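See below for the structure under consideration.
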Amino acid sequence: FHSPFGDLAVAIKEPVAGILLDLGVSSPQLDDVRRGFSFKNKKDGPLDLRMNPQVGIPASEWLQSVSVEELAWVIATVGYRLDSPMPEVIAEAILQRQQHCGPFRTTRQFASLLEALALDLQDEYANLPLVQIVFTAIRTFLNHEEDQLRKALEGALERLEMNGRCAVITFNRWEALAVRDFVRDHEEPDPSIAPDATVRPGRLAELYPLLGTAGCCRRGYALRRAGPPIRPSQEELARNPRARSATLHVLEKVPLSSQGRQRAAAASQLAAATGTASSGAEVEGRRPSAASAQARLREPPLPRLP
């Protein structure tokens, strides 16, 4: 079955006990220079970055169609925490080079510019992995990986049997944050937090969006972490150096507790009275950082397709 992660619920029809999501690109994709993913060890290939070469446009064409603002947005949203106006500076340098010297055709061409730019920024950003940041940001954007991951997690939660587990291997900061935010949107409140004069049912639903989602009681389940994120051991890194940035997140589908049902019912009644019920399609994060990131991701500057 060859399809994006987001089609998981379409590919899997029956309940399953476990699901593994291994995010990012695979070793065969990195090793095949024709795919345009690899930029290390002076490897060269077409600047493509598409998971499916039959869908969308390659990165080389996309770069010819974007503005400085759009490219800066992609770098800032998916990349590391770069202070403004650094994403704009990087985007300006890329597009100026393209304007003066022609389109970037190969990964080596593009990586060489970013390596030179990283040296210029060394005083302010020492050891900045700029090549990795920009390549990852453009790849993630062109393949709609944020949206695909969200859909995959939703599909996994839907298809898992009760107490089934979903293991997610992340390699980048944005992937780990996306998993964290998904758990926050679907977890029950801590039992020690009880609605009272200081924590109203409406406020509890704001802090824990699951309670304010239409149909929460009908579905009857929530999501929790089965344990803390797991990093690779030194033994594993010795066998597989590419695992150095990997993190394993184990999520478990659990029954909604009786207390959770009561809280969800109270939040639902309040939402019905105030007209603020949520369908669950767009749930606001309870932390300002998560909320602002989700707001940015809802209206991206879409790639200009031919």
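Naming scheme: A, B, ... for chains in displayed order of the structure tokens; residues 1 onward per chain; ligands 1 onward as shown.
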
message: When you look at Gln234 in chain A with a cut-off of 10 Å (counting only C-alpha atoms), what residues show up, excluding the ones that are within fewer than 6 positions of it in the same chain? I need them as a VMD selection string.
response: chain A and resid 240 to 241 244

Using the selection just defined, write its residues with all heavy atoms as a short mmCIF file (atom, residue, chain, number, x, y, z; two decimals), in the first residue's frame.
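Written file, result_4.cif:
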```cif
data_model
loop_
_atom_site.label_atom_id
_atom_site.label_comp_id
_atom_site.auth_asym_id
_atom_site.auth_seq_id
_atom_site.Cartn_x
_atom_site.Cartn_y
_atom_site.Cartn_z
N ASN A 240 24.04 2.04 14.75
CA ASN A 240 23.29 2.86 13.79
C ASN A 240 23.46 4.35 14.14
O ASN A 240 22.63 4.92 14.85
CB ASN A 240 21.81 2.48 13.80
CG ASN A 240 20.99 3.31 12.84
OD1 ASN A 240 21.53 3.92 11.90
ND2 ASN A 240 19.68 3.36 13.05
N PRO A 241 24.51 4.99 13.64
CA PRO A 241 24.76 6.40 13.97
C PRO A 241 23.62 7.33 13.55
O PRO A 241 23.46 8.41 14.13
CB PRO A 241 26.05 6.71 13.20
CG PRO A 241 26.70 5.39 12.97
CD PRO A 241 25.59 4.42 12.82
N ARG A 244 21.00 8.99 16.09
CA ARG A 244 21.41 9.92 17.15
C ARG A 244 20.36 10.98 17.45
O ARG A 244 20.27 11.46 18.59
CB ARG A 244 22.74 10.58 16.80
CG ARG A 244 22.70 11.47 15.57
CD ARG A 244 24.09 11.97 15.20
NE ARG A 244 24.08 12.79 14.00
CZ ARG A 244 24.07 12.31 12.77
NH1 ARG A 244 24.07 11.00 12.57
NH2 ARG A 244 24.05 13.12 11.73
#
```

- request: Please run DSSP on the backbone and report, as a list in words, all residues within range 14-196 of chain A that come out as strand (DSSP E).
  value: Val16, Ala17, Gly18, Ile19, Leu20, Leu21, Asp22, Leu160, Glu161, Met162, Asn163, Gly164, Arg165, Cys166, Ala167, Val168, Ile169 and Thr170 of chain A

With N, CA and C atoms retained, write the just-selected residues as a PDB file, in the first residue's frame.
```pdb
ATOM      1  N   VAL A  16      -6.582  -2.473  15.574  1.00  0.00           N
ATOM      2  CA  VAL A  16      -5.276  -3.128  15.720  1.00  0.00           C
ATOM      3  C   VAL A  16      -4.724  -2.841  17.106  1.00  0.00           C
ATOM      4  N   ALA A  17      -3.815  -3.713  17.560  1.00  0.00           N
ATOM      5  CA  ALA A  17      -3.246  -3.570  18.900  1.00  0.00           C
ATOM      6  C   ALA A  17      -2.089  -2.582  18.937  1.00  0.00           C
ATOM      7  N   GLY A  18      -1.418  -2.392  17.798  1.00  0.00           N
ATOM      8  CA  GLY A  18      -0.266  -1.494  17.799  1.00  0.00           C
ATOM      9  C   GLY A  18       0.021  -0.921  16.432  1.00  0.00           C
ATOM     10  N   ILE A  19       0.571   0.279  16.425  1.00  0.00           N
ATOM     11  CA  ILE A  19       0.939   0.980  15.188  1.00  0.00           C
ATOM     12  C   ILE A  19       2.294   1.633  15.409  1.00  0.00           C
ATOM     13  N   LEU A  20       3.172   1.532  14.416  1.00  0.00           N
ATOM     14  CA  LEU A  20       4.477   2.188  14.469  1.00  0.00           C
ATOM     15  C   LEU A  20       4.557   3.227  13.363  1.00  0.00           C
ATOM     16  N   LEU A  21       4.871   4.463  13.724  1.00  0.00           N
ATOM     17  CA  LEU A  21       5.093   5.540  12.767  1.00  0.00           C
ATOM     18  C   LEU A  21       6.566   5.928  12.829  1.00  0.00           C
ATOM     19  N   ASP A  22       7.294   5.645  11.773  1.00  0.00           N
ATOM     20  CA  ASP A  22       8.719   5.971  11.675  1.00  0.00           C
ATOM     21  C   ASP A  22       8.818   7.182  10.750  1.00  0.00           C
ATOM     22  N   LEU A 160      -6.808   2.173  16.674  1.00  0.00           N
ATOM     23  CA  LEU A 160      -6.286   1.361  17.769  1.00  0.00           C
ATOM     24  C   LEU A 160      -7.424   0.770  18.587  1.00  0.00           C
ATOM     25  N   GLU A 161      -7.255  -0.482  18.995  1.00  0.00           N
ATOM     26  CA  GLU A 161      -8.211  -1.051  19.943  1.00  0.00           C
ATOM     27  C   GLU A 161      -7.937  -0.454  21.316  1.00  0.00           C
ATOM     28  N   MET A 162      -8.870  -0.613  22.238  1.00  0.00           N
ATOM     29  CA  MET A 162      -8.688  -0.021  23.561  1.00  0.00           C
ATOM     30  C   MET A 162      -7.440  -0.585  24.225  1.00  0.00           C
ATOM     31  N   ASN A 163      -6.652   0.295  24.794  1.00  0.00           N
ATOM     32  CA  ASN A 163      -5.350  -0.003  25.400  1.00  0.00           C
ATOM     33  C   ASN A 163      -4.288  -0.377  24.367  1.00  0.00           C
ATOM     34  N   GLY A 164      -4.600  -0.169  23.082  1.00  0.00           N
ATOM     35  CA  GLY A 164      -3.596  -0.328  22.047  1.00  0.00           C
ATOM     36  C   GLY A 164      -2.597   0.817  22.094  1.00  0.00           C
ATOM     37  N   ARG A 165      -1.442   0.598  21.502  1.00  0.00           N
ATOM     38  CA  ARG A 165      -0.377   1.607  21.581  1.00  0.00           C
ATOM     39  C   ARG A 165       0.126   2.016  20.197  1.00  0.00           C
ATOM     40  N   CYS A 166       0.482   3.275  20.094  1.00  0.00           N
ATOM     41  CA  CYS A 166       1.081   3.825  18.883  1.00  0.00           C
ATOM     42  C   CYS A 166       2.483   4.305  19.234  1.00  0.00           C
ATOM     43  N   ALA A 167       3.485   3.724  18.590  1.00  0.00           N
ATOM     44  CA  ALA A 167       4.878   4.139  18.803  1.00  0.00           C
ATOM     45  C   ALA A 167       5.270   5.082  17.667  1.00  0.00           C
ATOM     46  N   VAL A 168       5.773   6.253  18.026  1.00  0.00           N
ATOM     47  CA  VAL A 168       6.148   7.263  17.037  1.00  0.00           C
ATOM     48  C   VAL A 168       7.630   7.586  17.205  1.00  0.00           C
ATOM     49  N   ILE A 169       8.393   7.404  16.136  1.00  0.00           N
ATOM     50  CA  ILE A 169       9.818   7.747  16.156  1.00  0.00           C
ATOM     51  C   ILE A 169       9.992   9.084  15.459  1.00  0.00           C
ATOM     52  N   THR A 170      10.425  10.096  16.213  1.00  0.00           N
ATOM     53  CA  THR A 170      10.641  11.429  15.660  1.00  0.00           C
ATOM     54  C   THR A 170      12.136  11.692  15.509  1.00  0.00           C
TER      55      THR A 170
END
```

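Using only C-alpha atoms, the shortest contact distance between Gly155 in chain A and any of A:Pro4, A:Gln259, A:Pro232, A:Ala111 is found at A:Pro4.
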
Non-local contacts of range 117-126 of chain A (10 Å; only C-alpha atoms; under 5 positions in same chain excluded) as a list in words: Leu82, Met86, Val89, Ile90, Ala93, Ile94, Ala111, Ser112 and Val131 of chain A

- request: Go through range 89-263 of chain A and collect every residue that DSSP, computed from the backbone, puts in helix (DSSP H, G or I); the answer should be as a PyMOL selection string.
  value: chain A and resi 89-101+107-120+130-142+145-159+173-186+201-207+209-212+216-219+234-239+241-245+258-263

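Compared by their closest atoms to Gln148 in chain A, and using only C-alpha atoms, the residues A:Val183, A:Leu23, A:Ala76, A:Ala91 rank with A:Leu23 nearest.
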
message: I'd like the contact shell of Gly36 in chain A - 9 Å cut-off, only C-alpha atoms, skipping same-chain residues fewer than 2 positions apart - returned as a PyMOL selection string.
response: chain A and resi 29-30+32-34+38-39+44-50+106-107

Hey, can you spit out that residue selection with N, CA, C and O atoms as a PDB file, in the first residue's frame?
```
ATOM      1  N   GLN A  29      16.341   6.266   1.017  1.00  0.00           N
ATOM      2  CA  GLN A  29      16.110   7.562   0.364  1.00  0.00           C
ATOM      3  C   GLN A  29      17.330   8.457   0.487  1.00  0.00           C
ATOM      4  O   GLN A  29      17.702   9.165  -0.453  1.00  0.00           O
ATOM      5  N   LEU A  30      17.981   8.444   1.646  1.00  0.00           N
ATOM      6  CA  LEU A  30      19.174   9.268   1.843  1.00  0.00           C
ATOM      7  C   LEU A  30      20.346   8.764   1.006  1.00  0.00           C
ATOM      8  O   LEU A  30      21.142   9.560   0.498  1.00  0.00           O
ATOM      9  N   ASP A  32      20.233   7.158  -1.856  1.00  0.00           N
ATOM     10  CA  ASP A  32      20.011   7.280  -3.298  1.00  0.00           C
ATOM     11  C   ASP A  32      20.077   8.759  -3.682  1.00  0.00           C
ATOM     12  O   ASP A  32      19.127   9.509  -3.460  1.00  0.00           O
ATOM     13  N   VAL A  33      21.200   9.189  -4.254  1.00  0.00           N
ATOM     14  CA  VAL A  33      21.391  10.609  -4.555  1.00  0.00           C
ATOM     15  C   VAL A  33      20.376  11.118  -5.570  1.00  0.00           C
ATOM     16  O   VAL A  33      20.116  12.322  -5.655  1.00  0.00           O
ATOM     17  N   ARG A  34      19.769  10.217  -6.341  1.00  0.00           N
ATOM     18  CA  ARG A  34      18.790  10.632  -7.338  1.00  0.00           C
ATOM     19  C   ARG A  34      17.515  11.182  -6.708  1.00  0.00           C
ATOM     20  O   ARG A  34      16.761  11.897  -7.370  1.00  0.00           O
ATOM     21  N   SER A  38      19.886  13.853   0.078  1.00  0.00           N
ATOM     22  CA  SER A  38      21.173  13.821   0.760  1.00  0.00           C
ATOM     23  C   SER A  38      22.020  15.038   0.409  1.00  0.00           C
ATOM     24  O   SER A  38      22.113  15.451  -0.744  1.00  0.00           O
ATOM     25  N   PHE A  39      22.641  15.612   1.446  1.00  0.00           N
ATOM     26  CA  PHE A  39      23.506  16.767   1.238  1.00  0.00           C
ATOM     27  C   PHE A  39      24.842  16.612   1.962  1.00  0.00           C
ATOM     28  O   PHE A  39      25.699  17.488   1.891  1.00  0.00           O
ATOM     29  N   ASP A  44      25.835  14.562  -4.374  1.00  0.00           N
ATOM     30  CA  ASP A  44      25.160  15.486  -5.285  1.00  0.00           C
ATOM     31  C   ASP A  44      24.049  14.752  -6.024  1.00  0.00           C
ATOM     32  O   ASP A  44      24.165  13.582  -6.378  1.00  0.00           O
ATOM     33  N   GLY A  45      22.962  15.457  -6.209  1.00  0.00           N
ATOM     34  CA  GLY A  45      21.822  14.904  -6.929  1.00  0.00           C
ATOM     35  C   GLY A  45      20.850  16.024  -7.229  1.00  0.00           C
ATOM     36  O   GLY A  45      21.055  17.179  -6.822  1.00  0.00           O
ATOM     37  N   PRO A  46      19.766  15.753  -7.933  1.00  0.00           N
ATOM     38  CA  PRO A  46      18.789  16.797  -8.238  1.00  0.00           C
ATOM     39  C   PRO A  46      18.140  17.318  -6.962  1.00  0.00           C
ATOM     40  O   PRO A  46      17.858  16.545  -6.042  1.00  0.00           O
ATOM     41  N   LEU A  47      17.920  18.622  -6.903  1.00  0.00           N
ATOM     42  CA  LEU A  47      17.303  19.231  -5.729  1.00  0.00           C
ATOM     43  C   LEU A  47      15.790  19.000  -5.821  1.00  0.00           C
ATOM     44  O   LEU A  47      15.057  19.807  -6.373  1.00  0.00           O
ATOM     45  N   ASP A  48      15.350  17.870  -5.270  1.00  0.00           N
ATOM     46  CA  ASP A  48      13.955  17.461  -5.407  1.00  0.00           C
ATOM     47  C   ASP A  48      13.209  17.546  -4.077  1.00  0.00           C
ATOM     48  O   ASP A  48      12.301  18.342  -3.897  1.00  0.00           O
ATOM     49  N   LEU A  49      13.560  16.662  -3.131  1.00  0.00           N
ATOM     50  CA  LEU A  49      13.018  16.637  -1.766  1.00  0.00           C
ATOM     51  C   LEU A  49      11.577  16.160  -1.662  1.00  0.00           C
ATOM     52  O   LEU A  49      10.958  16.297  -0.611  1.00  0.00           O
ATOM     53  N   ARG A  50      11.016  15.570  -2.710  1.00  0.00           N
ATOM     54  CA  ARG A  50       9.660  15.031  -2.625  1.00  0.00           C
ATOM     55  C   ARG A  50       9.688  13.560  -2.214  1.00  0.00           C
ATOM     56  O   ARG A  50      10.488  12.790  -2.726  1.00  0.00           O
ATOM     57  N   THR A 106      20.984  21.358  -8.155  1.00  0.00           N
ATOM     58  CA  THR A 106      21.459  20.166  -7.447  1.00  0.00           C
ATOM     59  C   THR A 106      21.562  20.429  -5.941  1.00  0.00           C
ATOM     60  O   THR A 106      21.636  21.580  -5.492  1.00  0.00           O
ATOM     61  N   THR A 107      21.597  19.336  -5.197  1.00  0.00           N
ATOM     62  CA  THR A 107      21.710  19.445  -3.741  1.00  0.00           C
ATOM     63  C   THR A 107      23.056  20.052  -3.353  1.00  0.00           C
ATOM     64  O   THR A 107      23.143  20.814  -2.388  1.00  0.00           O
TER      65      THR A 107
END
```

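Among A:Ala238, A:Asp147, A:Ala243, A:Glu252, the residue with the shortest atom-to-atom distance to His186 in chain A, counting only C-alpha atoms, is A:Glu252.
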
task: Considering only C-alpha atoms, return as a ChimeraX atom specification whatever protein or nucleic-acid residues lie within 10 Å of Arg150 in chain A, sequence-local ones (same chain, fewer than 2 positions apart) excluded.
output: /A:5-6,145-148,152-156,175,178-179,181-182

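The residue set within 10 Å of range 136-140 of chain A, counting only C-alpha atoms and dropping same-chain residues fewer than 5 places from it, reads Gly24, Val25, Phe37, Asp48, Leu49, Arg50, Met51, Pro58, Ala59, Trp62, Leu63, Leu71, Trp73, Val74, Ile75, Ala76, Thr77, Val78, Gly79, Tyr80, Leu130, Val131, Glu145, Glu146, Asp147, Asn172 and Trp174 of chain A.
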